[in-house]
$ cat upload20.cif   # mmCIF, C-alpha atoms
data_work
loop_
_atom_site.label_atom_id
_atom_site.label_comp_id
_atom_site.auth_asym_id
_atom_site.auth_seq_id
_atom_site.Cartn_x
_atom_site.Cartn_y
_atom_site.Cartn_z
CA MET A 1 -59.00 -64.17 5.25
CA GLU A 2 -58.32 -63.84 8.97
CA LEU A 3 -55.54 -62.25 10.97
CA ARG A 4 -54.78 -65.57 12.65
CA GLN A 5 -53.96 -67.07 9.24
CA LEU A 6 -51.52 -64.25 8.53
CA ARG A 7 -50.04 -64.58 12.01
CA SER A 8 -49.45 -68.29 11.45
CA LEU A 9 -47.68 -67.50 8.17
CA VAL A 10 -45.37 -64.91 9.77
CA VAL A 11 -44.51 -67.05 12.79
CA LEU A 12 -43.91 -70.07 10.52
CA VAL A 13 -41.27 -68.13 8.57
CA GLU A 14 -39.68 -66.89 11.82
CA SER A 15 -39.64 -70.51 13.05
CA ASP A 16 -37.69 -71.74 10.04
CA PHE A 17 -40.82 -73.39 8.55
CA SER A 18 -41.30 -75.71 11.53
CA VAL A 19 -45.02 -76.26 12.07
CA THR A 20 -44.26 -77.80 15.47
CA LEU A 21 -42.37 -74.73 16.71
CA THR A 22 -44.96 -72.39 15.18
CA ALA A 23 -47.73 -74.17 17.08
CA GLU A 24 -45.76 -73.91 20.32
CA ARG A 25 -45.14 -70.20 19.87
CA LEU A 26 -48.80 -69.53 19.03
CA HIS A 27 -50.08 -71.88 21.78
CA LEU A 28 -52.02 -73.90 19.22
CA VAL A 29 -52.12 -77.52 18.15
CA GLN A 30 -50.22 -78.33 14.95
CA SER A 31 -53.38 -79.20 13.05
CA ALA A 32 -54.73 -75.69 13.66
CA VAL A 33 -51.58 -74.09 12.21
CA SER A 34 -51.69 -76.40 9.19
CA GLN A 35 -55.35 -75.52 8.68
CA HIS A 36 -54.59 -71.77 8.80
CA LEU A 37 -51.90 -72.11 6.16
CA SER A 38 -53.99 -74.39 3.94
CA ARG A 39 -57.02 -72.08 4.03
CA LEU A 40 -54.85 -69.07 3.26
CA GLU A 41 -53.55 -70.76 0.13
CA GLN A 42 -57.08 -71.82 -0.85
CA GLU A 43 -58.45 -68.30 -0.46
CA LEU A 44 -55.64 -66.80 -2.51
CA GLY A 45 -55.75 -69.52 -5.13
CA THR A 46 -51.98 -69.85 -5.34
CA GLU A 47 -49.21 -71.83 -3.71
CA LEU A 48 -47.32 -69.90 -1.05
CA PHE A 49 -44.85 -72.60 -0.02
CA GLN A 50 -42.10 -74.65 -1.58
CA ARG A 51 -42.64 -78.24 -0.50
CA GLN A 52 -40.73 -81.49 -0.39
CA GLY A 53 -43.38 -84.10 0.18
CA LYS A 54 -45.40 -82.80 3.12
CA ARG A 55 -42.55 -80.67 4.47
CA LEU A 56 -42.56 -76.90 3.99
CA GLN A 57 -39.12 -75.70 2.92
CA GLY A 58 -39.55 -72.09 1.86
CA LEU A 59 -41.75 -69.50 0.21
CA THR A 60 -42.64 -69.16 -3.45
CA GLY A 61 -42.44 -65.76 -5.13
CA SER A 62 -46.12 -65.21 -4.30
CA GLY A 63 -45.44 -66.31 -0.74
CA GLU A 64 -42.73 -63.68 -0.34
CA GLN A 65 -45.14 -60.97 -1.49
CA VAL A 66 -47.90 -62.16 0.82
CA LEU A 67 -45.43 -62.29 3.74
CA ARG A 68 -44.53 -58.61 3.27
CA TYR A 69 -48.19 -57.58 3.32
CA ALA A 70 -48.95 -59.91 6.24
CA ARG A 71 -46.22 -58.36 8.34
CA ARG A 72 -47.49 -54.89 7.50
CA MET A 73 -51.08 -55.78 8.42
CA LEU A 74 -50.06 -57.35 11.72
CA SER A 75 -47.89 -54.34 12.47
CA ASP A 76 -50.79 -51.97 11.78
CA THR A 77 -53.05 -54.08 13.99
CA ALA A 78 -50.50 -53.90 16.80
CA ASN A 79 -50.28 -50.12 16.37
CA ILE A 80 -54.08 -49.77 16.64
CA LEU A 81 -54.12 -51.82 19.82
CA ALA A 82 -51.18 -49.83 21.23
CA VAL A 83 -53.05 -46.53 20.78
CA GLY A 84 -55.89 -47.83 22.94
CA ARG A 85 -53.67 -49.45 25.55
CA ASP A 86 -51.67 -46.25 25.93
CA GLN A 87 -54.76 -44.59 27.41
CA GLN A 88 -55.21 -47.22 30.13
CA ALA A 89 -54.34 -46.32 33.70
CA LEU A 90 -52.24 -49.44 34.33
CA VAL A 91 -49.43 -49.53 31.79
CA SER A 92 -48.54 -53.07 30.84
CA GLY A 93 -47.25 -54.79 27.76
CA GLU A 94 -44.10 -56.17 26.23
CA LEU A 95 -40.85 -54.60 25.10
CA ARG A 96 -38.68 -56.71 22.77
CA ILE A 97 -35.12 -55.45 22.41
CA GLY A 98 -32.69 -56.78 19.82
CA THR A 99 -29.04 -56.09 20.54
CA THR A 100 -25.47 -57.40 20.59
CA HIS A 101 -23.68 -59.03 23.51
CA THR A 102 -21.67 -55.89 24.35
CA GLN A 103 -24.79 -53.73 24.65
CA ALA A 104 -26.75 -56.38 26.56
CA ARG A 105 -23.94 -57.11 29.00
CA TYR A 106 -22.35 -53.72 29.63
CA VAL A 107 -24.77 -50.93 28.69
CA LEU A 108 -28.37 -52.04 29.12
CA PRO A 109 -28.50 -53.45 32.69
CA ALA A 110 -28.51 -50.04 34.40
CA VAL A 111 -30.95 -48.62 31.83
CA ILE A 112 -33.32 -51.57 32.25
CA ARG A 113 -33.09 -51.34 36.05
CA GLU A 114 -34.25 -47.72 35.89
CA PHE A 115 -36.93 -48.53 33.30
CA ARG A 116 -38.40 -51.37 35.39
CA ALA A 117 -38.67 -49.09 38.40
CA SER A 118 -41.15 -46.99 36.41
CA TYR A 119 -42.84 -49.78 34.42
CA PRO A 120 -42.84 -52.98 36.51
CA GLN A 121 -45.76 -54.43 34.50
CA VAL A 122 -43.88 -54.35 31.19
CA ASN A 123 -42.34 -57.68 30.24
CA LEU A 124 -38.85 -57.25 28.76
CA GLN A 125 -37.26 -59.59 26.23
CA ILE A 126 -33.68 -59.35 24.98
CA HIS A 127 -32.86 -60.98 21.63
CA GLN A 128 -29.17 -61.16 20.69
CA GLY A 129 -27.96 -61.26 17.11
CA THR A 130 -25.50 -59.98 14.55
CA PRO A 131 -25.92 -56.38 13.34
CA GLN A 132 -27.49 -57.60 10.09
CA GLN A 133 -29.88 -59.86 11.99
CA LEU A 134 -30.83 -56.91 14.21
CA VAL A 135 -31.70 -54.83 11.14
CA GLU A 136 -33.93 -57.63 9.86
CA MET A 137 -35.56 -58.08 13.27
CA ALA A 138 -36.52 -54.40 13.48
CA ASP A 139 -37.67 -54.30 9.85
CA SER A 140 -39.85 -57.40 10.18
CA GLY A 141 -41.30 -56.45 13.59
CA GLN A 142 -39.71 -59.37 15.46
CA VAL A 143 -38.40 -56.79 17.95
CA ASP A 144 -39.61 -53.34 18.93
CA PHE A 145 -36.12 -51.83 19.03
CA SER A 146 -32.72 -52.85 17.75
CA ILE A 147 -29.59 -51.42 19.37
CA CYS A 148 -26.12 -51.71 17.87
CA THR A 149 -23.32 -49.78 16.19
CA GLU A 150 -23.35 -51.12 12.64
CA ALA A 151 -25.96 -51.12 9.87
CA LEU A 152 -29.00 -49.56 11.57
CA GLY A 153 -28.56 -46.09 10.11
CA ASP A 154 -28.57 -47.33 6.51
CA HIS A 155 -31.95 -49.08 6.24
CA PRO A 156 -34.72 -47.03 4.54
CA ASN A 157 -37.53 -48.62 6.60
CA LEU A 158 -36.02 -47.81 9.98
CA THR A 159 -35.87 -44.70 12.12
CA ALA A 160 -32.41 -44.75 13.75
CA LEU A 161 -31.63 -42.42 16.66
CA HIS A 162 -28.21 -41.51 18.03
CA CYS A 163 -27.63 -42.92 21.53
CA TYR A 164 -23.95 -42.34 22.31
CA ARG A 165 -20.41 -42.41 20.94
CA TRP A 166 -17.71 -44.81 22.06
CA ASN A 167 -14.17 -45.80 21.27
CA ARG A 168 -11.68 -48.57 21.99
CA SER A 169 -9.19 -49.49 24.66
CA LEU A 170 -6.37 -51.96 24.93
CA ILE A 171 -6.47 -54.60 27.66
CA ALA A 172 -3.53 -56.72 28.75
CA PRO A 173 -2.52 -58.78 31.79
CA ASN A 174 -0.68 -56.94 34.56
CA ALA A 175 3.04 -56.48 33.80
CA HIS A 176 2.61 -57.08 30.06
CA PRO A 177 5.41 -55.22 28.21
CA ILE A 178 3.03 -53.19 26.02
CA LEU A 179 1.77 -51.38 29.12
CA ASP A 180 5.15 -49.62 29.39
CA ARG A 181 5.17 -48.41 25.78
CA ARG A 182 4.62 -44.65 25.51
CA PRO A 183 3.00 -43.37 23.43
CA LEU A 184 0.94 -46.17 21.97
CA ALA A 185 0.65 -46.07 18.17
CA LEU A 186 -0.89 -48.31 15.52
CA ASP A 187 2.50 -49.63 14.46
CA THR A 188 3.20 -50.49 18.12
CA LEU A 189 0.03 -52.60 18.25
CA CYS A 190 1.21 -54.47 15.15
CA GLU A 191 4.17 -55.82 17.12
CA TYR A 192 1.89 -57.96 19.28
CA PRO A 193 -0.74 -60.67 18.65
CA LEU A 194 -4.18 -59.05 18.86
CA ILE A 195 -7.58 -60.33 19.96
CA THR A 196 -10.59 -58.25 18.96
CA TYR A 197 -14.09 -58.27 17.49
CA VAL A 198 -15.04 -60.40 14.50
CA PHE A 199 -15.76 -58.48 11.29
CA GLY A 200 -19.25 -56.92 11.34
CA PHE A 201 -19.36 -56.48 15.12
CA THR A 202 -18.62 -53.51 17.36
CA GLY A 203 -16.75 -51.26 14.94
CA ALA A 204 -14.52 -53.99 13.49
CA ASN A 205 -14.66 -52.44 10.01
CA HIS A 206 -13.25 -49.07 11.14
CA PHE A 207 -10.69 -50.91 13.25
CA ARG A 208 -9.24 -52.68 10.23
CA THR A 209 -9.36 -49.68 7.89
CA SER A 210 -7.44 -47.56 10.42
CA PHE A 211 -4.46 -49.88 9.97
CA ALA A 212 -4.94 -50.28 6.22
CA ARG A 213 -4.75 -46.52 5.60
CA LEU A 214 -1.20 -46.55 6.96
CA GLY A 215 -0.25 -49.71 5.09
CA LEU A 216 -0.14 -51.68 8.34
CA LYS A 217 -1.34 -55.24 8.83
CA PRO A 218 -2.22 -56.14 12.44
CA ARG A 219 -1.57 -59.70 13.60
CA ILE A 220 -5.08 -60.74 14.68
CA VAL A 221 -4.76 -64.21 16.17
CA LEU A 222 -8.36 -64.53 17.39
CA SER A 223 -11.62 -62.67 16.86
CA ALA A 224 -14.97 -63.04 18.60
CA ALA A 225 -18.38 -61.39 18.80
CA ASP A 226 -18.44 -61.67 22.60
CA THR A 227 -16.30 -59.27 24.66
CA ASP A 228 -16.09 -61.75 27.52
CA VAL A 229 -14.57 -64.31 25.15
CA ILE A 230 -11.92 -61.75 24.14
CA LYS A 231 -11.09 -61.14 27.81
CA ALA A 232 -10.87 -64.87 28.51
CA TYR A 233 -8.26 -65.42 25.80
CA VAL A 234 -6.29 -62.35 26.87
CA ARG A 235 -6.13 -63.95 30.32
CA GLU A 236 -4.95 -67.17 28.70
CA GLY A 237 -2.01 -65.32 27.17
CA PHE A 238 -3.06 -65.58 23.52
CA GLY A 239 -2.49 -61.86 22.94
CA ILE A 240 -3.55 -58.37 23.92
CA GLY A 241 -7.20 -57.36 23.53
CA ILE A 242 -8.84 -54.42 21.76
CA ILE A 243 -12.34 -53.90 23.14
CA ALA A 244 -15.03 -51.23 23.44
CA THR A 245 -14.01 -49.06 26.39
CA MET A 246 -17.40 -49.42 28.11
CA ALA A 247 -16.89 -53.20 28.23
CA TYR A 248 -14.11 -52.91 30.83
CA SER A 249 -15.27 -53.40 34.41
CA VAL A 250 -13.17 -52.01 37.26
CA THR A 251 -14.68 -54.56 39.66
CA SER A 252 -14.39 -57.76 37.59
CA ASP A 253 -11.42 -56.97 35.33
CA GLY A 254 -8.89 -55.91 37.95
CA ASP A 255 -6.41 -58.51 36.71
CA LEU A 256 -6.28 -56.70 33.35
CA GLN A 257 -4.82 -53.26 32.73
CA ILE A 258 -6.54 -50.86 30.33
CA ARG A 259 -5.13 -48.17 28.02
CA ASN A 260 -7.34 -45.74 26.10
CA LEU A 261 -6.90 -45.83 22.30
CA SER A 262 -9.40 -43.16 21.30
CA ARG A 263 -6.75 -41.01 19.60
CA LEU A 264 -5.85 -43.90 17.28
CA PHE A 265 -9.30 -44.90 16.01
CA PRO A 266 -12.45 -43.09 14.80
CA TRP A 267 -15.33 -42.75 17.21
CA GLU A 268 -18.27 -45.11 16.70
CA VAL A 269 -21.97 -44.29 17.11
CA THR A 270 -24.43 -46.67 18.74
CA ARG A 271 -28.03 -46.21 17.59
CA ILE A 272 -31.47 -47.42 18.56
CA ALA A 273 -33.79 -48.16 15.63
CA TYR A 274 -37.42 -49.08 15.05
CA HIS A 275 -39.69 -49.43 12.03
CA LYS A 276 -40.83 -46.07 10.65
CA ASP A 277 -44.49 -47.13 10.76
CA LYS A 278 -44.34 -48.20 14.40
CA TYR A 279 -46.51 -46.43 16.97
CA LEU A 280 -44.37 -45.78 20.04
CA ARG A 281 -46.15 -46.37 23.32
CA ARG A 282 -45.33 -44.13 26.27
CA TYR A 283 -43.09 -46.70 27.90
CA GLU A 284 -41.23 -47.26 24.62
CA ARG A 285 -40.57 -43.54 24.30
CA ARG A 286 -39.38 -43.54 27.91
CA PHE A 287 -36.96 -46.39 27.23
CA ILE A 288 -35.37 -44.40 24.39
CA GLU A 289 -35.08 -41.34 26.63
CA LEU A 290 -33.37 -43.37 29.35
CA LEU A 291 -30.92 -44.94 26.93
CA GLN A 292 -30.00 -41.57 25.47
CA SER A 293 -29.71 -39.79 28.82
CA MET A 294 -28.06 -42.48 30.94
CA VAL A 295 -25.19 -43.33 28.58
CA ALA A 296 -22.50 -40.71 28.13
CA ASP A 297 -20.71 -40.05 24.84
CA ASP A 298 -17.76 -42.14 26.00
CA GLY A 299 -19.98 -45.20 26.37
CA LEU A 300 -20.10 -45.08 30.18
CA VAL A 301 -23.43 -45.55 31.93
CA LEU A 302 -24.57 -42.68 34.10
CA SER A 303 -26.46 -43.32 37.29
CA PRO A 304 -29.98 -41.81 37.70
CA ASP A 305 -28.15 -38.98 39.46
CA PRO A 306 -26.55 -37.12 36.51
CA GLY A 307 -23.60 -36.18 38.69
CA ALA A 308 -22.34 -39.72 39.19
CA ARG A 309 -21.20 -42.60 36.97
CA THR A 310 -21.50 -46.31 37.46
#

$ encode --input "upload20.cif" --output "C-alpha cells"
Amino acid sequence: MELRQLRSLVVLVESDFSVTLTAERLHLVQSAVSQHLSRLEQELGTELFQRQGKRLQGLTGSGEQVLRYARRMLSDTANILAVGRDQQALVSGELRIGTTHTQARYVLPAVIREFRASYPQVNLQIHQGTPQQLVEMADSGQVDFSICTEALGDHPNLTALHCYRWNRSLIAPNAHPILDRRPLALDTLCEYPLITYVFGFTGANHFRTSFARLGLKPRIVLSAADTDVIKAYVREGFGIGIIATMAYSVTSDGDLQIRNLSRLFPWEVTRIAYHKDKYLRRYERRFIELLQSMVADDGLVLSPDPGART
C-alpha cells in the first residue's frame, strides 16, 4: 500500500467520485488514478466503491472505514513534513481557510494583508461554505482552519478558539420611516418586511428565537447567506435589513442608514477551528494571533496600530 493510493482515494471522494477531476487535482493522467484505486482494492481484498457499470458512485461500508484511516494517515504525514519545514529559514507553504461570505468579505482582508506582509511566500486559499460544510472541511483536512459563528464549537474532533463577539444592526435606505422610531424594539421590527440571513448562517438561529420567546413572528420576506445580497434587496425597497454590524461599510454603504440592535439580540461568538491532531506551523499560529488581536469584540477590524480602527 502506498500513500499515493490513499491520496487518490481521498481526493476522489472530495471530487464527488469524478476520476477526471481527481486526476486534474493530482496532476496525473486518469489511468494512473484508476490504477491507484484498483490496486488499493486488490491489496485489501474488498470492494471499496459502489459502482454502476464502470462509474464510481459512492463508498461501501468498508470504503468509508478505509477513508477515515486514509485521511488520518495523510494528516499525520503532513504533520511530519510540517515539523521539518518549520525549521527551514525560508518559511513557505500553503494556508487553506474555510469561511463564510461575511468573514471573507468584511473581516479577513485586513488580517490577511497583515499576514502576507510577514509571510509573502505562503500561498493563501479561501474556501467558502455553509457552517456545516466548514465543520466537515476542518474535520476531513480539506482546510487548515475554518472560521464561522455556528457549529464549530460542538465538534469533538476540532479545537475551536474564540476570536471575537459581534451583534446585529438594522440597515435601511435614507429617510425610511423606521429610522425615526425611538426606541427600536422587537415588536417594532415586526411591523416592517425584513431581509436577513438564511437559517444556519450568521446567527440566524438566535435571531429567530429572540422573537419567538416573546411570541412575536417577524415578517421575513427574503433571506440570503450573502450580506451583499441583503444590502442589494434593501436598496431595491424589498424591506429593511438585519445584518452583522461589521458588514456595514461607511465608505460603500453611505446610501443606507444603520441602527445598532445589540440590546435586542444575544451576542454571537465567531471561532476559528482546526483538527485536534493538526500540527500548527509557525505561520499558522501567527494567523490565529492576528485574527484574535486585530478584530475587536464588536466585530470591527483593528489596524496594526492598536489605537486605530479601520

$ closest_atom_pairs --input "upload20.cif" --of "segment 156-227 of chain A" --to "segment 281-294 of chain A" --cutoff "8 Å" --atoms "only C-alpha atoms" --output "JSON lines"
{"residue": "A:His162", "atom": "CA", "partner": "A:Gln292", "partner_atom": "CA", "distance": 7.7}
{"residue": "A:Cys163", "atom": "CA", "partner": "A:Gln292", "partner_atom": "CA", "distance": 4.8}
{"residue": "A:Tyr164", "atom": "CA", "partner": "A:Gln292", "partner_atom": "CA", "distance": 6.9}

$ atom_distance --input "upload20.cif" --atom1 "atom CA of Val33 of chain A" --atom2 "atom CA of Gln50 of chain A"
16.7 Å

$ atom_distance --input "upload20.cif" --atom1 "atom CA of Val107 of chain A" --atom2 "atom CA of Asp255 of chain A"
21.4 Å

$ resolve_selection --input "upload20.cif" --expression "the PyMOL selection byres ((chain A and resi 155-159) around 9)" --output "PyMOL selection string"
chain A and resi 135+138-139+151-154+160-161+272-277

$ residues_around --input "upload20.cif" --residues "Ile195 of chain A" --least-positions-apart "4" --cutoff "12 Å" --atoms "all atoms listed in the file" --output "NGL selection string"
:A and (169-172 or 189-190 or 204 or 207 or 218-243)

$ atom_distance --input "upload20.cif" --atom1 "atom CA of Arg51 of chain A" --atom2 "atom CA of Met1 of chain A"
22.3 Å

$ closest_residue --input "upload20.cif" --among "A:Arg182, A:Ala175, A:Tyr279, A:Phe211" --to "Gln257 of chain A" --atoms "all atoms listed in the file"
A:Ala175

$ resolve_selection --input "upload20.cif" --expression "the PyMOL selection byres ((chain A and resi 245) around 12)" --output "VMD selection string"
chain A and resid 102 to 103 106 to 107 165 to 171 202 to 203 227 241 to 244 246 to 250 257 to 262 267 to 268 297 to 301

$ resolve_selection --input "upload20.cif" --expression "the PyMOL selection byres ((chain A and resi 95) around 9)" --output "list in words"
Gly93, Glu94, Arg96, Ile97, Val122, Asn123, Leu124, Gln125, Ile126, Val143, Asp144, Phe145, Tyr283 and Glu284 of chain A

$ write_last_selection --input "upload20.cif" --atoms "C-alpha atoms" --output "CSV table (one decimal), in the coordinates of the input"
chain,number,residue,atom,x,y,z
A,93,GLY,CA,-47.2,-54.8,27.8
A,94,GLU,CA,-44.1,-56.2,26.2
A,96,ARG,CA,-38.7,-56.7,22.8
A,97,ILE,CA,-35.1,-55.4,22.4
A,122,VAL,CA,-43.9,-54.4,31.2
A,123,ASN,CA,-42.3,-57.7,30.2
A,124,LEU,CA,-38.8,-57.2,28.8
A,125,GLN,CA,-37.3,-59.6,26.2
A,126,ILE,CA,-33.7,-59.4,25.0
A,143,VAL,CA,-38.4,-56.8,18.0
A,144,ASP,CA,-39.6,-53.3,18.9
A,145,PHE,CA,-36.1,-51.8,19.0
A,283,TYR,CA,-43.1,-46.7,27.9
A,284,GLU,CA,-41.2,-47.3,24.6

$ residues_around --input "upload20.cif" --residues "Thr22 of chain A" --least-positions-apart "4" --cutoff "8 Å" --atoms "only C-alpha atoms" --output "ChimeraX atom specification"
/A:8,11-12,15,17-18,26,30,33

$ axis_aligned_box --input "upload20.cif" --around "segment 65-69 of chain A" --padding-each-side "4 Å" --output "lines of an AutoDock Vina configuration file"
center_x = -46.4
center_y = -59.9
center_z = 1.1
size_x = 11.7
size_y = 12.7
size_z = 13.2
